[in-house]
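Source file: data.cif (mmCIF, C-alpha atoms)
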data_entry
loop_
_atom_site.group_PDB
_atom_site.id
_atom_site.type_symbol
_atom_site.label_atom_id
_atom_site.label_comp_id
_atom_site.auth_asym_id
_atom_site.auth_seq_id
_atom_site.Cartn_x
_atom_site.Cartn_y
_atom_site.Cartn_z
ATOM 1 C CA MET A 1479 61.395 220.047 216.631
ATOM 2 C CA ALA A 1480 60.735 217.051 214.350
ATOM 3 C CA ARG A 1481 57.672 216.068 216.339
ATOM 4 C CA GLY A 1482 56.307 219.619 216.235
ATOM 5 C CA LYS A 1483 56.868 219.765 212.499
ATOM 6 C CA LYS A 1484 54.912 216.514 211.977
ATOM 7 C CA LYS A 1485 51.971 217.861 213.973
ATOM 8 C CA GLU A 1486 52.075 221.062 211.963
ATOM 9 C CA GLU A 1487 52.072 219.127 208.661
ATOM 10 C CA ALA A 1488 49.142 216.956 209.790
ATOM 11 C CA PHE A 1489 47.126 220.009 210.781
ATOM 12 C CA LYS A 1490 48.006 221.630 207.484
ATOM 13 C CA LYS A 1491 46.606 218.665 205.556
ATOM 14 C CA GLU A 1492 43.384 218.831 207.568
ATOM 15 C CA ILE A 1493 42.948 222.483 206.658
ATOM 16 C CA LEU A 1494 43.705 221.750 202.993
ATOM 17 C CA HIS A 1495 41.009 219.063 202.960
ATOM 18 C CA ASN A 1496 38.438 221.601 204.138
ATOM 19 C CA GLU A 1497 39.668 224.539 202.050
ATOM 20 C CA GLU A 1498 36.500 225.135 200.074
ATOM 21 C CA GLU A 1499 34.254 224.840 203.126
ATOM 22 C CA THR A 1500 36.489 227.182 205.083
ATOM 23 C CA GLU A 1501 36.406 229.821 202.383
ATOM 24 C CA MET A 1502 32.640 229.620 202.095
ATOM 25 C CA GLN A 1503 32.062 229.891 205.822
ATOM 26 C CA ILE A 1504 34.506 232.740 206.345
ATOM 27 C CA ASP A 1505 33.117 234.535 203.313
ATOM 28 C CA LYS A 1506 29.745 234.626 205.058
ATOM 29 C CA LYS A 1507 31.396 236.240 208.075
ATOM 30 C CA GLU A 1508 32.956 238.908 205.820
ATOM 31 C CA ILE A 1509 29.613 239.729 204.219
ATOM 32 C CA ASN A 1510 27.724 239.882 207.512
ATOM 33 C CA LYS A 1511 29.880 242.407 209.326
ATOM 34 C CA ASP A 1512 27.175 244.658 210.745
ATOM 35 C CA PRO A 1513 25.293 243.394 213.848
ATOM 36 C CA LYS A 1514 21.982 243.035 212.023
ATOM 37 C CA ASN A 1515 23.438 240.828 209.293
ATOM 38 C CA GLU A 1516 25.434 238.813 211.838
ATOM 39 C CA GLU A 1517 22.263 238.092 213.770
ATOM 40 C CA GLU A 1518 20.469 236.995 210.578
ATOM 41 C CA ALA A 1519 23.394 234.756 209.637
ATOM 42 C CA GLN A 1520 23.396 233.137 213.080
ATOM 43 C CA ASN A 1521 19.656 232.524 212.833
ATOM 44 C CA GLU A 1522 20.081 230.921 209.407
ATOM 45 C CA GLU A 1523 22.881 228.699 210.703
ATOM 46 C CA SER A 1524 20.881 227.595 213.739
ATOM 47 C CA ASN A 1525 17.834 226.887 211.595
ATOM 48 C CA ALA A 1526 19.953 224.759 209.244
ATOM 49 C CA THR A 1527 21.006 222.498 212.102
ATOM 50 C CA GLU A 1528 17.560 222.270 213.713
ATOM 51 C CA GLU A 1529 15.605 219.060 213.377
ATOM 52 C CA PRO A 1530 12.883 219.055 210.705
ATOM 53 C CA LEU A 1531 9.296 219.716 211.697
ATOM 54 C CA GLU A 1532 7.415 216.710 213.010
ATOM 55 C CA THR A 1533 5.228 215.095 210.342
ATOM 56 C CA GLU A 1534 1.949 213.270 210.864
ATOM 57 C CA GLU A 1535 3.828 210.005 210.412
ATOM 58 C CA ASP A 1536 6.298 211.022 213.124
ATOM 59 C CA LYS A 1537 3.423 211.869 215.455
ATOM 60 C CA ALA A 1538 1.760 208.516 214.781
ATOM 61 C CA GLU A 1539 5.023 206.705 215.452
ATOM 62 C CA LYS A 1540 5.511 208.589 218.706
ATOM 63 C CA ARG A 1541 1.963 207.780 219.880
ATOM 64 C CA TRP A 1542 2.227 204.092 218.994
ATOM 65 C CA LEU A 1543 5.639 203.527 220.534
ATOM 66 C CA GLU A 1544 4.705 205.409 223.696
ATOM 67 C CA ARG A 1545 1.561 203.329 223.954
ATOM 68 C CA ILE A 1546 3.462 200.043 223.625
ATOM 69 C CA LEU A 1547 6.513 200.939 225.709
ATOM 70 C CA THR A 1548 4.409 202.164 228.634
ATOM 71 C CA HIS A 1549 2.144 199.105 228.555
ATOM 72 C CA PRO A 1550 2.278 197.324 231.958
ATOM 73 C CA ILE A 1551 3.440 193.708 232.173
ATOM 74 C CA LYS A 1552 3.252 191.424 235.193
ATOM 75 C CA VAL A 1553 6.805 190.163 235.675
ATOM 76 C CA LEU A 1554 7.653 187.033 237.648
ATOM 77 C CA GLU A 1555 10.606 187.407 240.012
ATOM 78 C CA LYS A 1556 12.144 184.361 241.694
ATOM 79 C CA ASN A 1557 14.308 184.325 244.812
ATOM 80 C CA ASP A 1558 16.432 181.195 244.591
ATOM 81 C CA GLU A 1559 17.778 181.546 248.141
ATOM 82 C CA LEU A 1560 14.384 181.872 249.796
ATOM 83 C CA LYS A 1561 12.714 179.752 247.112
ATOM 84 C CA THR A 1562 9.926 182.284 246.734
ATOM 85 C CA GLU A 1563 8.175 183.897 243.777
ATOM 86 C CA SER A 1564 6.658 187.351 243.546
ATOM 87 C CA TYR A 1565 5.131 189.581 240.913
ATOM 88 C CA VAL A 1566 6.093 193.126 240.014
ATOM 89 C CA ILE A 1567 4.632 195.413 237.383
ATOM 90 C CA LYS A 1568 7.046 196.696 234.756
ATOM 91 C CA THR A 1569 6.500 198.426 231.459
ATOM 92 C CA VAL A 1570 7.477 196.890 228.141
ATOM 93 C CA GLY A 1571 10.111 199.617 227.796
ATOM 94 C CA GLN A 1572 11.774 198.450 231.015
ATOM 95 C CA ILE A 1573 12.151 194.900 229.727
ATOM 96 C CA ILE A 1574 13.194 195.190 226.096
ATOM 97 C CA ASP A 1575 15.868 197.216 224.330
ATOM 98 C CA THR A 1576 13.917 200.249 223.127
ATOM 99 C CA GLU A 1577 16.531 201.034 220.465
ATOM 100 C CA GLN A 1578 16.883 197.573 218.906
ATOM 101 C CA ASP A 1579 13.839 195.477 219.813
ATOM 102 C CA ILE A 1580 10.995 197.678 218.580
ATOM 103 C CA TRP A 1581 10.342 200.072 215.707
ATOM 104 C CA TYR A 1582 7.429 201.636 213.838
ATOM 105 C CA SER A 1583 6.483 200.535 210.346
ATOM 106 C CA PRO A 1584 5.052 203.390 208.215
ATOM 107 C CA ARG A 1585 3.685 200.830 205.754
ATOM 108 C CA LYS A 1586 1.876 198.772 208.363
ATOM 109 C CA LYS A 1587 1.020 201.844 210.481
ATOM 110 C CA LYS A 1588 1.873 199.833 213.566
ATOM 111 C CA PRO A 1589 4.867 199.082 215.783
ATOM 112 C CA ILE A 1590 6.908 195.938 215.123
ATOM 113 C CA ILE A 1591 8.720 193.967 217.812
ATOM 114 C CA SER A 1592 11.763 191.847 217.108
ATOM 115 C CA ASP A 1593 12.193 188.165 217.871
ATOM 116 C CA PRO A 1594 14.754 188.874 220.653
ATOM 117 C CA GLY A 1595 12.361 191.414 222.160
ATOM 118 C CA THR A 1596 9.571 188.844 222.266
ATOM 119 C CA LYS A 1597 11.854 186.296 223.925
ATOM 120 C CA LYS A 1598 12.753 188.828 226.618
ATOM 121 C CA LEU A 1599 9.082 189.446 227.409
ATOM 122 C CA ILE A 1600 8.255 185.733 227.482
ATOM 123 C CA GLU A 1601 11.147 185.050 229.833
ATOM 124 C CA ALA A 1602 10.284 188.009 232.068
ATOM 125 C CA THR A 1603 6.665 186.946 232.516
ATOM 126 C CA GLY A 1604 7.520 183.297 233.167
ATOM 127 C CA ALA A 1605 5.207 182.114 230.406
ATOM 128 C CA THR A 1606 5.576 178.580 229.052
ATOM 129 C CA PHE A 1607 4.152 176.690 226.081
ATOM 130 C CA PRO A 1608 2.989 173.281 227.306
ATOM 131 C CA LYS A 1609 1.180 172.343 224.113
ATOM 132 C CA ILE A 1610 2.091 172.866 220.470
ATOM 133 C CA ILE A 1611 -0.029 170.895 218.027
ATOM 134 C CA VAL A 1612 0.809 170.449 214.353
ATOM 135 C CA ILE A 1613 -2.448 170.687 212.424
ATOM 136 C CA GLU A 1614 -0.957 170.602 208.938
ATOM 137 C CA LYS A 1615 2.517 169.315 208.122
ATOM 138 C CA GLN A 1616 4.780 170.484 205.339
ATOM 139 C CA SER A 1617 4.830 166.951 203.933
ATOM 140 C CA ASP A 1618 1.047 167.011 203.526
ATOM 141 C CA ALA A 1619 1.343 169.378 200.555
ATOM 142 C CA THR A 1620 0.766 167.975 197.072
ATOM 143 C CA SER A 1621 3.553 170.139 195.624
ATOM 144 C CA ARG A 1622 6.272 172.537 196.729
ATOM 145 C CA ASP A 1623 4.183 175.563 195.739
ATOM 146 C CA ARG A 1624 1.391 174.386 198.017
ATOM 147 C CA GLU A 1625 3.599 173.704 201.040
ATOM 148 C CA GLN A 1626 2.107 174.985 204.264
ATOM 149 C CA VAL A 1627 2.603 174.420 207.977
ATOM 150 C CA TRP A 1628 -0.226 175.113 210.421
ATOM 151 C CA ILE A 1629 0.445 175.024 214.168
ATOM 152 C CA GLU A 1630 -1.727 175.627 217.223
ATOM 153 C CA ALA A 1631 0.167 176.915 220.272
ATOM 154 C CA THR A 1632 -1.021 177.108 223.880
ATOM 155 C CA VAL A 1633 0.656 179.508 226.306
ATOM 156 C CA LEU A 1634 0.481 179.000 230.085
ATOM 157 C CA PHE A 1635 1.011 181.970 232.411
ATOM 158 C CA PRO A 1636 2.117 181.781 236.069
ATOM 159 C CA ASP A 1637 -1.405 182.534 237.337
ATOM 160 C CA GLY A 1638 -2.714 179.415 235.604
ATOM 161 C CA THR A 1639 -4.476 181.161 232.712
ATOM 162 C CA THR A 1640 -3.940 179.907 229.165
ATOM 163 C CA ASN A 1641 -4.474 181.144 225.648
ATOM 164 C CA GLU A 1642 -4.429 179.397 222.270
ATOM 165 C CA ASP A 1643 -3.674 180.797 218.833
ATOM 166 C CA TYR A 1644 -2.522 179.662 215.421
ATOM 167 C CA GLY A 1645 0.560 180.133 213.300
ATOM 168 C CA ILE A 1646 0.531 179.539 209.555
ATOM 169 C CA ALA A 1647 3.542 179.601 207.257
ATOM 170 C CA ASN A 1648 3.453 179.004 203.513
ATOM 171 C CA ARG A 1649 5.056 180.158 200.287
ATOM 172 C CA MET A 1650 2.795 183.200 200.141
ATOM 173 C CA ASN A 1651 3.515 184.685 203.574
ATOM 174 C CA CYS A 1652 7.166 183.533 203.649
ATOM 175 C CA PRO A 1653 8.429 184.752 200.259
ATOM 176 C CA ASP A 1654 12.091 185.243 201.107
ATOM 177 C CA PRO A 1655 14.510 182.285 200.778
ATOM 178 C CA ILE A 1656 15.388 182.014 204.493
ATOM 179 C CA SER A 1657 11.861 181.961 205.917
ATOM 180 C CA GLY A 1658 10.635 179.897 202.949
ATOM 181 C CA ALA A 1659 13.190 177.225 203.769
ATOM 182 C CA ASN A 1660 12.078 177.122 207.408
ATOM 183 C CA LEU A 1661 8.290 176.983 207.280
ATOM 184 C CA PRO A 1662 7.898 174.821 210.445
ATOM 185 C CA ILE A 1663 10.008 177.231 212.493
ATOM 186 C CA MET A 1664 8.116 180.256 211.174
ATOM 187 C CA ALA A 1665 4.727 178.677 211.891
ATOM 188 C CA ARG A 1666 5.844 177.710 215.399
ATOM 189 C CA LYS A 1667 7.098 181.216 216.205
ATOM 190 C CA ARG A 1668 3.966 182.843 214.825
ATOM 191 C CA GLY A 1669 1.670 180.574 216.791
ATOM 192 C CA MET A 1670 3.582 180.996 220.059
ATOM 193 C CA HIS A 1671 3.962 184.742 219.767
ATOM 194 C CA ARG A 1672 0.331 185.285 218.776
ATOM 195 C CA ALA A 1673 -0.868 183.234 221.722
ATOM 196 C CA PHE A 1674 1.403 185.250 224.011
ATOM 197 C CA TYR A 1675 0.616 188.782 222.838
ATOM 198 C CA ARG A 1676 -3.089 188.289 222.129
ATOM 199 C CA SER A 1677 -3.845 186.922 225.572
ATOM 200 C CA GLY A 1678 -5.725 188.682 228.338
ATOM 201 C CA TYR A 1679 -2.643 188.314 230.522
ATOM 202 C CA ILE A 1680 -0.450 190.403 228.157
ATOM 203 C CA GLY A 1681 -3.048 192.396 226.226
ATOM 204 C CA LEU A 1682 -0.885 193.608 223.329
ATOM 205 C CA TYR A 1683 -3.404 192.768 220.624
ATOM 206 C CA GLU A 1684 -2.237 195.435 218.148
ATOM 207 C CA LEU A 1685 1.490 194.711 218.314
ATOM 208 C CA ASN A 1686 3.005 193.055 215.231
ATOM 209 C CA ASP A 1687 5.704 190.423 215.632
ATOM 210 C CA GLU A 1688 8.492 190.670 213.031
ATOM 211 C CA ASN A 1689 7.897 187.046 212.064
ATOM 212 C CA GLU A 1690 4.424 188.064 210.891
ATOM 213 C CA VAL A 1691 5.554 190.997 208.731
ATOM 214 C CA LEU A 1692 8.817 189.910 207.143
ATOM 215 C CA GLU A 1693 8.868 192.854 204.723
ATOM 216 C CA ALA A 1694 9.175 195.211 207.687
ATOM 217 C CA ARG A 1695 12.704 193.919 208.357
ATOM 218 C CA GLY A 1696 14.051 195.532 205.189
ATOM 219 C CA GLU A 1697 12.112 198.673 206.014
ATOM 220 C CA ARG A 1698 13.832 198.832 209.392
ATOM 221 C CA GLU A 1699 17.319 198.328 207.932
ATOM 222 C CA GLU A 1700 16.689 201.097 205.407
ATOM 223 C CA ARG A 1701 15.591 203.436 208.165
ATOM 224 C CA GLN A 1702 18.622 202.644 210.329
ATOM 225 C CA TYR A 1703 20.882 203.355 207.341
ATOM 226 C CA LYS A 1704 19.280 206.772 206.838
ATOM 227 C CA MET A 1705 19.685 207.587 210.534
ATOM 228 C CA LEU A 1706 23.379 206.653 210.356
ATOM 229 C CA GLN A 1707 23.841 208.864 207.295
ATOM 230 C CA GLU A 1708 22.251 211.786 209.137
ATOM 231 C CA LYS A 1709 24.526 211.291 212.158
ATOM 232 C CA LEU A 1710 27.606 211.223 209.920
ATOM 233 C CA LYS A 1711 26.426 214.372 208.175
ATOM 234 C CA GLN A 1712 26.008 216.179 211.514
ATOM 235 C CA GLN A 1713 29.457 215.054 212.663
ATOM 236 C CA GLU A 1714 31.028 216.239 209.415
ATOM 237 C CA LEU A 1715 29.394 219.644 209.888
ATOM 238 C CA LYS A 1716 30.801 219.888 213.418
ATOM 239 C CA ASN A 1717 34.281 218.995 212.160
ATOM 240 C CA LYS A 1718 34.114 221.681 209.472
ATOM 241 C CA LYS A 1719 33.076 224.291 212.016
ATOM 242 C CA LEU A 1720 35.926 223.285 214.286
ATOM 243 C CA VAL A 1721 38.527 223.583 211.502
ATOM 244 C CA ASN A 1722 37.057 226.924 210.474
ATOM 245 C CA GLN A 1723 37.321 228.245 214.020
ATOM 246 C CA MET A 1724 40.918 227.062 214.356
ATOM 247 C CA CYS A 1725 41.848 228.810 211.102
ATOM 248 C CA LYS A 1726 40.457 232.101 212.348
ATOM 249 C CA GLU A 1727 42.588 231.892 215.497
ATOM 250 C CA ILE A 1728 45.951 231.503 213.719
ATOM 251 C CA LYS A 1729 48.119 234.597 214.187
ATOM 252 C CA SER A 1730 51.076 236.095 212.310
ATOM 253 C CA PRO A 1731 54.485 236.588 213.981
ATOM 254 C CA ASP A 1732 53.295 240.132 214.840
ATOM 255 C CA GLY A 1733 50.309 238.694 216.729
ATOM 256 C CA GLU A 1734 47.741 239.718 214.113
ATOM 257 C CA LEU A 1735 44.952 237.335 213.096
ATOM 258 C CA VAL A 1736 45.935 236.201 209.620
ATOM 259 C CA TRP A 1737 42.408 235.913 208.285
ATOM 260 C CA LYS A 1738 41.627 239.500 209.283
ATOM 261 C CA ILE A 1739 44.475 240.819 207.119
ATOM 262 C CA ASN A 1740 43.271 242.322 203.827
ATOM 263 C CA ASP A 1741 46.571 243.887 202.718
ATOM 264 C CA GLN A 1742 47.607 241.730 199.765
ATOM 265 C CA SER A 1743 51.263 242.775 199.914
ATOM 266 C CA LYS A 1744 51.426 241.773 203.562
ATOM 267 C CA LEU A 1745 49.675 238.515 202.850
ATOM 268 C CA THR A 1746 52.115 237.829 200.001
ATOM 269 C CA GLN A 1747 55.026 238.176 202.400
ATOM 270 C CA LEU A 1748 53.391 235.910 204.965
ATOM 271 C CA ALA A 1749 52.581 233.322 202.268
ATOM 272 C CA LYS A 1750 56.282 232.633 201.701
ATOM 273 C CA GLY A 1751 57.249 229.453 203.487
ATOM 274 C CA THR A 1752 55.653 226.203 204.586
ATOM 275 C CA SER A 1753 54.181 227.098 207.982
ATOM 276 C CA LEU A 1754 50.491 227.168 208.874
ATOM 277 C CA VAL A 1755 50.628 230.962 208.839
ATOM 278 C CA SER A 1756 52.007 230.869 205.288
ATOM 279 C CA TYR A 1757 49.343 228.449 204.154
ATOM 280 C CA LEU A 1758 46.510 230.461 205.693
ATOM 281 C CA ALA A 1759 47.878 233.676 204.157
ATOM 282 C CA LEU A 1760 47.865 231.945 200.761
ATOM 283 C CA LEU A 1761 44.307 230.781 201.398
ATOM 284 C CA LYS A 1762 43.256 234.353 202.224
ATOM 285 C CA LEU A 1763 44.869 235.648 199.021
ATOM 286 C CA ARG A 1764 42.829 233.133 197.004
ATOM 287 C CA HIS A 1765 39.748 234.164 198.920
ATOM 288 C CA LEU A 1766 40.305 237.858 198.127
ATOM 289 C CA SER A 1767 41.002 237.042 194.482
ATOM 290 C CA LYS A 1768 37.712 235.138 194.140
ATOM 291 C CA LYS A 1769 35.904 237.979 195.864
ATOM 292 C CA GLU A 1770 37.342 240.529 193.443
ATOM 293 C CA LYS A 1771 36.332 238.439 190.438
ATOM 294 C CA ALA A 1772 32.807 238.061 191.834
ATOM 295 C CA ASN A 1773 32.469 241.831 192.301
ATOM 296 C CA SER A 1774 33.935 242.731 188.892
#

Can you dump the structure from the file as structure tokens?
Amino acid sequence: MARGKKKEEAFKKEILHNEEETEMQIDKKEINKDPKNEEEAQNEESNATEEPLETEEDKAEKRWLERILTHPIKVLEKNDELKTESYVIKTVGQIIDTEQDIWYSPRKKKPIISDPGTKKLIEATGATFPKIIVIEKQSDATSRDREQVWIEATVLFPDGTTNEDYGIANRMNCPDPISGANLPIMARKRGMHRAFYRSGYIGLYELNDENEVLEARGEREERQYKMLQEKLKQQELKNKKLVNQMCKEIKSPDGELVWKINDQSKLTQLAKGTSLVSYLALLKLRHLSKKEKANS
């Protein structure tokens, strides 16, 4: 009995928390009694939960990401037992984490790939960097404001082909404190990743590495936060609907659905006590009182 009473009290608190939402939702059901109005109400509810129409930006993002994720990459596979190597063709989407490693930047109008995503592709292809030349050192600068590191990187692919490209990091293109304090590392990454992506072997000339567009990192975090907010909002809506449905299924000792009762004297009798039936009867009395005031 004690355990049942605790469960009942917990459920009661949950209903109390959603009192206003429950009244609003059930009020709509009362208004839309005839089949025509019920159908209109259902259509409105379904439209409210539908995803928004796809914008031009959404279409551009979809095209770009599909283009990158379906791009073929020659992957090196090694068999340690047989000591053999073979090549298989995989898409970028099969190698990287499509949820975490790549996103579309509305400001840059291009997809951005993360540092971990780039490392996965480099490892999968078996590419190496046999030569990294420092053209300009950080210590060559005459002052801190003029500090710059310039690196030339050469990538070597398993078929013997190579590609060279440059990576430059300075106070202008590394404005944040972390990247600004690590100019040699930033220049090295930029040079290596450029040489890798902009090679004939890989052919992803239009893909931006996150080390090149540092401002896109904040843009991504902001977008992820908005997506999380939307998911929480949808879950909250589902919870409210569930509580509302449970309220409508609570019956009186006579087996009558409490929320369908409109006799105030009967509801007053049911409202005496501390049970869920009593609470719901009290809630219905408040609902009828508000309805009367609105109609007066």

Practice task
Compare A:Lys1587, A:Lys1552, A:His1765, A:Lys1568 by their minimum atom-to-atom distance to A:Lys1540, counting only C-alpha atoms, and give me the closest one.
Solution key: A:Lys1587

Problem - Result set, the PyMOL selection byres ((chain A and resi 1630-1640) around 10) on current file, as a PyMOL selection string - result: chain A and resi 1552-1554+1565+1600+1603-1614+1628-1629+1641-1646+1665-1675+1677-1680

Problem - Distance criterion (only C-alpha atoms): nearest to A:Lys1588 out of A:Leu1661, A:Val1570, A:Leu1682, A:Leu1543 - result: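 Among the listed residues, A:Leu1543 lies closest to A:Lys1588.
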
Practice task
Name the residues captured by the PyMOL selection byres ((chain A and resi 1751-1760) around 7) when it is applied to the shown file; answer as a ChimeraX atom specification.
Solution key: /A:1490,1728-1730,1736,1745,1748-1750,1761-1764

Handout entry: Ground truth for the PyMOL selection byres ((chain A and resi 1544) around 12), written as a ChimeraX atom specification
Key = /A:1537-1543,1545-1550,1569-1571,1576,1580-1582,1588-1589

Fill in the blank from the handout: In Å and to one decimal, atom CA of A:Asp1687 is distant from atom CA of A:Pro1584 by 15.0 Å

Problem - Two-atom distance - atom CA of A:Leu1599, atom CA of A:Ile1573 (Å) - result: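 So the answer is 6.7 Å.
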
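Ranking A:Gly1681, A:Arg1624, A:Cys1652, A:Leu1715 by their shortest atom-to-atom distance to A:Ile1551, with all atoms listed in the file included, puts A:Gly1681 first.
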
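Note that the spacing between atom CA of A:Met1724 and atom CA of A:Ser1743 amounts to 23.7 Å.
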
Exercise for the section: Have a look at A:Thr1746, A:Leu1735, A:Ile1574, A:Gln1616 and name the one nearest to A:Lys1597; count all atoms listed in the file. Expected result: A:Ile1574

Which centre and edge lengths in Å to one decimal define the box along x, y and z that fits every listed atom of stretch 1540-1555 of chain A plus 8 Å per side, as AutoDock Vina command-line options?
--center_x 6.1 --center_y 197.8 --center_z 229.4 --size_x 25.0 --size_y 37.6 --size_z 37.3

Exercise for the section: Might you pull out every residue within 10 Å of A:Asn1651, with only C-alpha atoms counted and same-chain residues fewer than 6 positions away left off, and present them as a ChimeraX atom specification? Expected result: /A:1626,1657-1658,1661,1664,1689-1693

Using the atoms already present, construct N, CA and C atoms for stretch 1626-1637 of chain A and hand them back as a PDB file, keeping the file's coordinate frame.
ATOM      1  N   GLN A1626       2.621 174.140 203.180  1.00  0.00           N
ATOM      2  CA  GLN A1626       2.107 174.985 204.264  1.00  0.00           C
ATOM      3  C   GLN A1626       2.218 174.234 205.582  1.00  0.00           C
ATOM      4  N   VAL A1627       2.553 174.990 206.633  1.00  0.00           N
ATOM      5  CA  VAL A1627       2.603 174.420 207.977  1.00  0.00           C
ATOM      6  C   VAL A1627       1.647 175.215 208.849  1.00  0.00           C
ATOM      7  N   TRP A1628       0.801 174.488 209.576  1.00  0.00           N
ATOM      8  CA  TRP A1628      -0.226 175.113 210.421  1.00  0.00           C
ATOM      9  C   TRP A1628      -0.072 174.540 211.829  1.00  0.00           C
ATOM     10  N   ILE A1629       0.190 175.450 212.784  1.00  0.00           N
ATOM     11  CA  ILE A1629       0.445 175.024 214.168  1.00  0.00           C
ATOM     12  C   ILE A1629      -0.462 175.760 215.145  1.00  0.00           C
ATOM     13  N   GLU A1630      -0.956 175.021 216.136  1.00  0.00           N
ATOM     14  CA  GLU A1630      -1.727 175.627 217.223  1.00  0.00           C
ATOM     15  C   GLU A1630      -0.853 175.613 218.481  1.00  0.00           C
ATOM     16  N   ALA A1631      -0.678 176.787 219.079  1.00  0.00           N
ATOM     17  CA  ALA A1631       0.167 176.915 220.272  1.00  0.00           C
ATOM     18  C   ALA A1631      -0.667 177.336 221.474  1.00  0.00           C
ATOM     19  N   THR A1632      -0.361 176.757 222.614  1.00  0.00           N
ATOM     20  CA  THR A1632      -1.021 177.108 223.880  1.00  0.00           C
ATOM     21  C   THR A1632       0.014 177.674 224.831  1.00  0.00           C
ATOM     22  N   VAL A1633      -0.254 178.881 225.354  1.00  0.00           N
ATOM     23  CA  VAL A1633       0.656 179.508 226.306  1.00  0.00           C
ATOM     24  C   VAL A1633       0.057 179.399 227.711  1.00  0.00           C
ATOM     25  N   LEU A1634       0.907 179.111 228.684  1.00  0.00           N
ATOM     26  CA  LEU A1634       0.481 179.000 230.085  1.00  0.00           C
ATOM     27  C   LEU A1634       1.205 180.072 230.893  1.00  0.00           C
ATOM     28  N   PHE A1635       0.434 180.903 231.600  1.00  0.00           N
ATOM     29  CA  PHE A1635       1.011 181.970 232.411  1.00  0.00           C
ATOM     30  C   PHE A1635       1.078 181.539 233.879  1.00  0.00           C
ATOM     31  N   PRO A1636       1.919 182.185 234.670  1.00  0.00           N
ATOM     32  CA  PRO A1636       2.117 181.781 236.069  1.00  0.00           C
ATOM     33  C   PRO A1636       0.846 181.759 236.920  1.00  0.00           C
ATOM     34  N   ASP A1637      -0.163 182.532 236.548  1.00  0.00           N
ATOM     35  CA  ASP A1637      -1.405 182.534 237.337  1.00  0.00           C
ATOM     36  C   ASP A1637      -2.344 181.406 236.948  1.00  0.00           C
TER      37      ASP A1637
END
